[in-house]
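Colleague: One file is attached below, upload-v4.txt, containing compact mmCIF, C-alpha atoms.
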# COMPACT_ATOMS: atom_id res chain seq x y z
CA MET A 1 44.58 -22.80 -13.28
CA ARG A 2 44.89 -20.00 -10.71
CA PRO A 3 42.36 -20.18 -7.84
CA GLY A 4 41.26 -16.58 -8.49
CA LEU A 5 40.36 -17.39 -12.08
CA LEU A 6 38.48 -20.53 -11.00
CA LEU A 7 36.47 -18.46 -8.53
CA LEU A 8 35.67 -15.94 -11.23
CA LEU A 9 34.52 -18.69 -13.60
CA GLY A 10 32.40 -20.24 -10.85
CA LEU A 11 30.73 -16.92 -10.09
CA LEU A 12 30.06 -16.38 -13.77
CA VAL A 13 28.36 -19.79 -14.06
CA LEU A 14 26.30 -19.08 -10.92
CA SER A 15 25.13 -15.67 -12.12
CA GLN A 16 24.11 -17.11 -15.50
CA GLY A 17 22.15 -19.80 -13.64
CA ALA A 18 20.33 -17.18 -11.56
CA ARG A 19 19.47 -15.23 -14.71
CA ALA A 20 18.16 -18.36 -16.40
CA ALA A 21 15.99 -19.14 -13.37
CA ALA A 22 14.27 -15.77 -13.68
CA GLN A 23 13.51 -16.30 -17.36
CA ASP A 24 10.32 -18.02 -18.33
CA PRO A 25 8.89 -18.54 -21.81
CA ARG A 26 5.37 -17.97 -20.47
CA ARG A 27 6.37 -14.51 -19.23
CA ASP A 28 8.01 -13.75 -22.57
CA GLY A 29 4.78 -14.83 -24.27
CA ILE A 30 2.67 -12.51 -22.11
CA LEU A 31 4.96 -9.56 -22.95
CA ALA A 32 4.95 -10.46 -26.65
CA ASP A 33 1.13 -10.50 -26.66
CA TYR A 34 1.00 -7.07 -24.98
CA ALA A 35 3.56 -5.75 -27.48
CA ALA A 36 1.45 -6.98 -30.40
CA ALA A 37 -1.65 -5.34 -28.89
CA ALA A 38 0.24 -2.09 -28.24
CA ARG A 39 1.37 -2.03 -31.89
CA ALA A 40 -2.21 -2.60 -32.99
CA ASP A 41 -3.33 0.34 -30.78
CA ASP A 42 -0.57 2.61 -32.06
CA PRO A 43 1.56 1.85 -35.13
CA ALA A 44 4.26 4.17 -33.73
CA PHE A 45 4.70 1.98 -30.63
CA ALA A 46 8.46 1.62 -30.09
CA GLY A 47 8.76 -0.87 -27.24
CA PHE A 48 7.99 -0.95 -23.52
CA SER A 49 9.63 1.36 -21.00
CA ALA A 50 10.59 0.38 -17.45
CA GLU A 51 10.63 4.13 -16.60
CA ARG A 52 7.01 4.63 -17.70
CA GLY A 53 6.17 1.45 -15.77
CA ARG A 54 7.85 2.83 -12.65
CA ALA A 55 5.82 6.05 -12.95
CA ILE A 56 2.57 4.07 -13.11
CA TYR A 57 3.68 1.87 -10.20
CA LEU A 58 4.68 4.76 -7.90
CA GLY A 59 1.90 7.18 -8.88
CA PRO A 60 0.36 8.91 -7.08
CA HIS A 61 -2.87 8.77 -9.07
CA GLN A 62 -6.05 10.70 -8.32
CA ALA A 63 -8.83 8.17 -8.87
CA ASN A 64 -8.96 6.50 -5.45
CA ALA A 65 -7.72 8.15 -2.26
CA ASP A 66 -7.50 4.78 -0.50
CA PHE A 67 -5.30 3.29 -3.23
CA PRO A 68 -3.29 6.11 -4.88
CA ALA A 69 -0.65 3.78 -6.37
CA CYS A 70 0.39 0.18 -6.90
CA ALA A 71 3.04 0.97 -4.29
CA THR A 72 0.32 1.65 -1.70
CA CYS A 73 0.02 -2.11 -1.17
CA HIS A 74 3.11 -3.45 -2.92
CA THR A 75 5.50 -0.90 -1.25
CA ASP A 76 7.87 1.48 -3.06
CA ASP A 77 10.29 -1.42 -3.50
CA PRO A 78 8.55 -4.21 -5.44
CA ARG A 79 11.16 -6.70 -4.18
CA ARG A 80 9.62 -6.44 -0.73
CA THR A 81 6.59 -8.30 0.59
CA GLY A 82 3.58 -6.03 0.37
CA GLN A 83 0.52 -5.62 2.54
CA HIS A 84 -3.06 -4.89 1.47
CA ALA A 85 -3.66 -1.30 2.57
CA LYS A 86 -7.09 -1.99 4.01
CA THR A 87 -7.06 -5.60 5.16
CA GLY A 88 -3.42 -6.02 6.15
CA ARG A 89 -3.16 -9.27 4.16
CA PRO A 90 0.48 -9.93 3.16
CA ILE A 91 1.18 -9.85 -0.61
CA GLU A 92 4.14 -11.70 -2.11
CA PRO A 93 6.76 -9.52 -3.83
CA MET A 94 5.96 -8.28 -7.35
CA ALA A 95 9.56 -8.14 -8.62
CA VAL A 96 10.51 -11.22 -10.60
CA SER A 97 13.94 -11.29 -8.92
CA ALA A 98 12.24 -11.80 -5.55
CA ASN A 99 9.36 -13.94 -6.79
CA PRO A 100 10.17 -15.91 -9.97
CA ALA A 101 6.61 -17.25 -10.24
CA ARG A 102 5.29 -13.74 -11.05
CA PHE A 103 3.70 -13.15 -14.49
CA THR A 104 3.72 -16.74 -15.69
CA ASP A 105 -0.09 -17.15 -15.91
CA ALA A 106 -1.61 -14.88 -18.57
CA ALA A 107 -5.16 -15.14 -17.22
CA ALA A 108 -4.04 -14.25 -13.69
CA VAL A 109 -2.04 -11.26 -14.99
CA GLU A 110 -5.06 -10.01 -16.96
CA LYS A 111 -7.36 -10.46 -13.97
CA ARG A 112 -5.11 -8.45 -11.67
CA PHE A 113 -4.57 -5.65 -14.21
CA GLY A 114 -8.31 -5.56 -14.85
CA ARG A 115 -9.09 -5.03 -11.17
CA ASP A 116 -6.15 -2.95 -10.06
CA CYS A 117 -6.21 -0.52 -13.01
CA ARG A 118 -9.86 0.25 -12.31
CA SER A 119 -9.24 0.49 -8.54
CA ILE A 120 -6.13 2.68 -8.75
CA LEU A 121 -6.31 4.54 -12.07
CA GLY A 122 -10.09 4.55 -12.40
CA ARG A 123 -9.79 3.23 -15.97
CA VAL A 124 -8.69 0.15 -17.85
CA CYS A 125 -5.00 -0.04 -18.68
CA THR A 126 -3.79 -0.03 -22.26
CA ALA A 127 -1.61 -2.86 -23.52
CA ARG A 128 1.31 -0.41 -23.39
CA ASP A 129 0.60 0.41 -19.72
CA LYS A 130 0.57 -3.29 -18.83
CA GLY A 131 3.75 -4.03 -20.76
CA ASP A 132 5.48 -1.02 -19.19
CA VAL A 133 4.59 -2.13 -15.66
CA LEU A 134 5.65 -5.72 -16.37
CA THR A 135 8.93 -4.49 -17.88
CA PHE A 136 9.58 -2.41 -14.77
CA LEU A 137 8.82 -5.32 -12.42
CA ILE A 138 10.93 -7.73 -14.48
CA SER A 139 13.84 -5.26 -14.33
CA GLN A 140 13.74 -5.01 -10.53
CA MET B 1 -46.33 -18.19 28.67
CA ARG B 2 -43.70 -20.78 27.74
CA GLY B 3 -44.09 -19.76 24.13
CA LEU B 4 -43.56 -16.13 24.99
CA LEU B 5 -40.30 -16.94 26.76
CA LEU B 6 -39.14 -18.94 23.77
CA ILE B 7 -39.31 -16.01 21.36
CA PRO B 8 -36.44 -13.93 22.79
CA LEU B 9 -34.41 -17.12 23.28
CA LEU B 10 -34.83 -18.05 19.64
CA ALA B 11 -34.01 -14.51 18.57
CA ILE B 12 -30.68 -14.73 20.37
CA THR B 13 -29.89 -18.10 18.83
CA TRP B 14 -30.75 -16.95 15.31
CA ALA B 15 -28.60 -13.86 15.64
CA MET B 16 -25.46 -15.94 16.28
CA PRO B 17 -23.51 -17.21 13.29
CA ALA B 18 -23.33 -20.79 14.52
CA GLY B 19 -26.12 -20.75 17.03
CA ALA B 20 -23.77 -20.96 20.00
CA GLU B 21 -23.18 -18.36 22.68
CA GLY B 22 -19.53 -17.67 23.49
CA ASP B 23 -17.04 -19.82 21.63
CA VAL B 24 -17.88 -20.15 17.97
CA GLU B 25 -16.60 -22.87 15.69
CA LEU B 26 -17.48 -22.58 12.03
CA GLY B 27 -14.73 -24.78 10.65
CA PRO B 28 -12.49 -23.84 7.73
CA VAL B 29 -13.62 -22.70 4.29
CA THR B 30 -13.83 -26.00 2.41
CA HIS B 31 -14.40 -24.63 -1.11
CA ALA B 32 -11.09 -24.25 -2.98
CA ALA B 33 -12.15 -21.38 -5.29
CA THR B 34 -13.57 -19.42 -2.35
CA ARG B 35 -10.37 -19.93 -0.36
CA LYS B 36 -8.21 -18.82 -3.28
CA GLU B 37 -10.18 -15.88 -4.68
CA CYS B 38 -11.49 -14.34 -1.46
CA GLY B 39 -8.30 -15.20 0.39
CA ALA B 40 -6.14 -13.27 -2.08
CA CYS B 41 -6.97 -9.92 -0.44
CA HIS B 42 -8.37 -10.80 2.99
CA MET B 43 -9.06 -13.82 5.13
CA ALA B 44 -11.51 -16.04 3.26
CA PHE B 45 -14.43 -15.53 5.61
CA GLN B 46 -16.52 -18.55 6.56
CA PRO B 47 -19.92 -18.55 4.84
CA GLY B 48 -21.60 -18.89 8.25
CA LEU B 49 -20.49 -15.37 9.17
CA LEU B 50 -23.16 -13.76 6.95
CA PRO B 51 -26.74 -14.60 5.97
CA ALA B 52 -27.55 -15.70 2.42
CA ALA B 53 -29.04 -12.34 1.39
CA SER B 54 -25.82 -10.53 2.36
CA TRP B 55 -23.67 -12.98 0.38
CA ARG B 56 -25.92 -12.60 -2.67
CA GLN B 57 -25.58 -8.82 -2.55
CA ILE B 58 -21.82 -8.97 -2.07
CA MET B 59 -21.37 -11.38 -4.97
CA SER B 60 -23.53 -9.25 -7.27
CA GLY B 61 -21.41 -6.16 -6.57
CA LEU B 62 -17.82 -7.39 -6.84
CA ALA B 63 -16.85 -4.60 -9.25
CA ARG B 64 -17.33 -2.21 -6.32
CA HIS B 65 -16.34 -4.37 -3.38
CA PHE B 66 -16.01 -2.01 -0.39
CA GLY B 67 -14.24 0.55 -2.56
CA GLU B 68 -12.17 -1.87 -4.63
CA ASP B 69 -12.66 -3.76 -7.86
CA ALA B 70 -12.78 -7.48 -7.03
CA SER B 71 -14.39 -8.68 -10.27
CA LEU B 72 -14.36 -12.37 -11.10
CA GLU B 73 -15.36 -14.13 -14.27
CA PRO B 74 -19.10 -14.88 -14.03
CA ALA B 75 -18.76 -18.68 -13.86
CA LYS B 76 -16.29 -18.49 -10.97
CA ALA B 77 -18.39 -15.89 -9.15
CA ALA B 78 -21.47 -18.10 -9.49
CA ASP B 79 -19.58 -21.13 -8.16
CA ILE B 80 -18.37 -19.19 -5.11
CA GLU B 81 -21.79 -17.65 -4.50
CA GLN B 82 -23.37 -21.09 -4.51
CA TYR B 83 -20.98 -22.25 -1.80
CA LEU B 84 -21.43 -19.11 0.33
CA VAL B 85 -25.22 -19.07 0.06
CA GLY B 86 -25.47 -22.83 0.57
CA HIS B 87 -23.55 -22.60 3.85
CA ALA B 88 -24.74 -19.16 4.96
CA GLY B 89 -25.46 -18.29 8.57
CA GLN B 90 -28.01 -16.05 10.23
CA GLY B 91 -28.14 -12.31 10.65
CA ASP B 92 -29.38 -9.13 9.04
CA GLY B 93 -29.48 -9.67 5.27
CA ALA B 94 -29.44 -5.91 4.64
CA VAL B 95 -26.05 -5.58 6.37
CA LEU B 96 -23.08 -6.48 4.15
CA ARG B 97 -20.24 -6.12 6.60
CA ILE B 98 -19.62 -8.98 9.03
CA THR B 99 -18.29 -6.39 11.46
CA GLU B 100 -21.63 -4.56 11.46
CA GLN B 101 -23.79 -7.60 12.11
CA ARG B 102 -25.56 -7.40 15.46
CA TRP B 103 -24.00 -10.58 16.83
CA PHE B 104 -20.52 -9.25 15.93
CA LEU B 105 -21.12 -5.95 17.70
CA ARG B 106 -22.45 -7.76 20.75
CA GLU B 107 -19.55 -10.23 20.88
CA HIS B 108 -17.06 -7.36 20.65
CA ARG B 109 -18.88 -4.81 22.79
CA HIS B 110 -16.15 -4.85 25.46
CA ILE B 111 -13.27 -4.28 23.04
CA ALA B 112 -11.98 -0.75 23.66
CA THR B 113 -11.36 1.68 20.81
CA THR B 114 -7.69 1.78 21.78
CA ILE B 115 -7.45 -1.97 21.15
CA TRP B 116 -9.13 -1.70 17.73
CA ALA B 117 -6.62 1.05 16.88
CA ARG B 118 -3.59 -1.24 17.38
CA PRO B 119 -1.53 -1.19 14.16
CA ASP B 120 -1.35 -4.99 13.97
CA ILE B 121 -5.16 -5.16 13.90
CA LYS B 122 -5.54 -2.49 11.20
CA THR B 123 -9.21 -3.30 10.57
CA ARG B 124 -12.06 -4.99 12.40
CA SER B 125 -12.26 -7.61 9.70
CA ASN B 126 -8.75 -8.84 10.51
CA CYS B 127 -10.08 -11.71 12.63
CA ALA B 128 -6.74 -13.49 12.95
CA ALA B 129 -5.11 -10.53 14.72
CA CYS B 130 -6.95 -11.61 17.88
CA HIS B 131 -8.31 -15.07 16.96
CA PRO B 132 -5.17 -16.94 15.82
CA ALA B 133 -7.21 -19.93 14.61
CA ALA B 134 -9.72 -17.82 12.68
CA GLU B 135 -8.70 -19.29 9.31
CA ARG B 136 -9.64 -22.70 10.69
CA GLY B 137 -12.95 -21.28 11.77
CA VAL B 138 -12.25 -21.20 15.50
CA PHE B 139 -13.17 -17.94 17.21
CA GLU B 140 -12.49 -18.44 20.90
CA ASP B 141 -13.58 -16.00 23.53
CA ASP B 142 -10.70 -14.53 25.42
Could the structure of this file be written out as structure tokens, please?

Modeller:
Amino acid sequence: MRPGLLLLLGLLVLSQGARAAAQDPRRDGILADYAAAARADDPAFAGFSAERGRAIYLGPHQANADFPACATCHTDDPRRTGQHAKTGRPIEPMAVSANPARFTDAAAVEKRFGRDCRSILGRVCTARDKGDVLTFLISQ
Amino acid sequence: MRGLLLIPLLAITWAMPAGAEGDVELGPVTHAATRKECGACHMAFQPGLLPAASWRQIMSGLARHFGEDASLEPAKAADIEQYLVGHAGQGDGAVLRITEQRWFLREHRHIATTIWARPDIKTRSNCAACHPAAERGVFEDD
């Protein structure tokens, strides 16, 4: 076999491995639960949107001048390490590609959405909002 | 007369978080849930840094925690409150911010505004910016 072809095959195997590492049945389960809830809220629900998720993530929103967006603490690039805007505490990256442990604990995901939606948006998030943001962060 | 002299002395001692002038050693936060939940957004402050009444008020208002929602499920909040109150220090129970307690202001009275404004400090509650061993509960004078 030609060395070039071998290299190509090797790269293909490696990239598949990296993709598999980012997949997690618990994360899929969390998304599936949000999808079911979004359908229950709105029978016309047609799937999550990374673009809508990005818009929520980047804001800016009007509810809280100290925290106008998720990006205020998590930075505009969710693959980067964030920093709490008030305390300076470092925050591990939100993007699954940079932090494969993200969104694997349903209770932790719900807790953070519960707090951060009220802090940033001044309201609770809908199941569609949560699924959109997760879809955006999984795509990054 | 001796008694009269004792009163201001005691007042000074009570106002300090650990009862010691100068170097203060509170030790690390030993309660896992407190370390994890409080430490997610800021240093998990040692319970000795606030009096019991301040901790009780903070834990009863987590939904509006200094401008942010820090809600916890009630059982977890109660567990953390028990640890904080059980190991609380001294101070003014009507003051919720550690950085506004009288002992804190006195200990930091010589820190210039220009130092507080340094970007790596960011906020007065960022103990570790100047006390590298703060997480372990060691706040040396320097």

Colleague: Taking a cut-off of 6 Å and counting only C-alpha atoms, can you build a table that, for each residue of chain A near chain B, reports the nearest atom pair and how far apart they are in Å (one decimal), sorted by chain then residue number, as a tab-separated table?

Modeller:
residue	atom	partner	partner_atom	distance
A:Thr87	CA	B:His42	CA	5.8
A:Arg89	CA	B:His42	CA	5.6
A:Arg115	CA	B:Asp69	CA	5.0
A:Ser119	CA	B:Glu68	CA	5.4

Colleague: Excluding stretch 35-49 of chain A and any residue of its chain fewer than 3 positions from it, enumerate the residues within 8 Å of it, using all atoms listed in the file, and give them as an MDAnalysis selection string.

Modeller: chainID A and resid 31:32 52:53 126:128 131:132 135:136

Colleague: What's the 12 Å shell around B:Pro51, counting all atoms listed in the file, without same-chain residues fewer than 4 positions away, as a VMD selection string?

Modeller: chain B and resid 14 to 18 46 to 47 55 to 58 81 84 to 98 101 to 103

Colleague: Can you tell me, as number ranges by chain, what residues are no more than 10 Å from A:Asp105 when counting all atoms listed in the file, ignoring any on the same chain fewer than 6 positions away?

Modeller: A: 26-27, 29-30

Colleague: If you count only C-alpha atoms, which residues fall within 9 Å of A:Phe113, apart from same-chain ones fewer than 3 positions away, as a list of chain:residue names?

Modeller: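 Returned residues: A:Ala108, A:Val109, A:Glu110, A:Asp116, A:Cys117, A:Arg118, A:Val124, A:Cys125, A:Lys130.
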
Colleague: What does the file look like for those residues with C-alpha atoms, as a PDB file, in the frame of the given file?

Modeller:
ATOM      1  CA  ALA A 108      -4.040 -14.250 -13.690  1.00  0.00           C
ATOM      2  CA  VAL A 109      -2.040 -11.260 -14.990  1.00  0.00           C
ATOM      3  CA  GLU A 110      -5.060 -10.010 -16.960  1.00  0.00           C
ATOM      4  CA  ASP A 116      -6.150  -2.950 -10.060  1.00  0.00           C
ATOM      5  CA  CYS A 117      -6.210  -0.520 -13.010  1.00  0.00           C
ATOM      6  CA  ARG A 118      -9.860   0.250 -12.310  1.00  0.00           C
ATOM      7  CA  VAL A 124      -8.690   0.150 -17.850  1.00  0.00           C
ATOM      8  CA  CYS A 125      -5.000  -0.040 -18.680  1.00  0.00           C
ATOM      9  CA  LYS A 130       0.570  -3.290 -18.830  1.00  0.00           C
TER      10      LYS A 130
END

Colleague: Around the point (9.5, -10.8, -9.3) (coordinates from the file), which residues reach within 12 Å if we count all atoms listed in the file? Answer as an mmCIF file with C-alpha atoms, in the coordinates of the input.

Modeller:
data_model
loop_
_atom_site.group_PDB
_atom_site.id
_atom_site.type_symbol
_atom_site.label_atom_id
_atom_site.label_comp_id
_atom_site.auth_asym_id
_atom_site.auth_seq_id
_atom_site.Cartn_x
_atom_site.Cartn_y
_atom_site.Cartn_z
ATOM 1 C CA ALA A 21 15.990 -19.140 -13.370
ATOM 2 C CA ALA A 22 14.270 -15.770 -13.680
ATOM 3 C CA GLN A 23 13.510 -16.300 -17.360
ATOM 4 C CA ASP A 24 10.320 -18.020 -18.330
ATOM 5 C CA ARG A 27 6.370 -14.510 -19.230
ATOM 6 C CA HIS A 74 3.110 -3.450 -2.920
ATOM 7 C CA ASP A 77 10.290 -1.420 -3.500
ATOM 8 C CA PRO A 78 8.550 -4.210 -5.440
ATOM 9 C CA ARG A 79 11.160 -6.700 -4.180
ATOM 10 C CA ARG A 80 9.620 -6.440 -0.730
ATOM 11 C CA THR A 81 6.590 -8.300 0.590
ATOM 12 C CA GLU A 92 4.140 -11.700 -2.110
ATOM 13 C CA PRO A 93 6.760 -9.520 -3.830
ATOM 14 C CA MET A 94 5.960 -8.280 -7.350
ATOM 15 C CA ALA A 95 9.560 -8.140 -8.620
ATOM 16 C CA VAL A 96 10.510 -11.220 -10.600
ATOM 17 C CA SER A 97 13.940 -11.290 -8.920
ATOM 18 C CA ALA A 98 12.240 -11.800 -5.550
ATOM 19 C CA ASN A 99 9.360 -13.940 -6.790
ATOM 20 C CA PRO A 100 10.170 -15.910 -9.970
ATOM 21 C CA ALA A 101 6.610 -17.250 -10.240
ATOM 22 C CA ARG A 102 5.290 -13.740 -11.050
ATOM 23 C CA PHE A 103 3.700 -13.150 -14.490
ATOM 24 C CA THR A 104 3.720 -16.740 -15.690
ATOM 25 C CA VAL A 133 4.590 -2.130 -15.660
ATOM 26 C CA LEU A 134 5.650 -5.720 -16.370
ATOM 27 C CA THR A 135 8.930 -4.490 -17.880
ATOM 28 C CA PHE A 136 9.580 -2.410 -14.770
ATOM 29 C CA LEU A 137 8.820 -5.320 -12.420
ATOM 30 C CA ILE A 138 10.930 -7.730 -14.480
ATOM 31 C CA SER A 139 13.840 -5.260 -14.330
ATOM 32 C CA GLN A 140 13.740 -5.010 -10.530
#

Colleague: Please indicate the distance in Å from atom CA of B:Val138 to atom CA of B:Ala44, rounded to one decimal place.

Modeller: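 Those two atoms sit 13.3 Å apart.
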
Colleague: Tell me, in Å to one decimal, how far atom CA of A:Ala69 is from atom CA of B:His65.

Modeller: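 For atom CA of A:Ala69 relative to atom CA of B:His65, the distance reads 17.9 Å.
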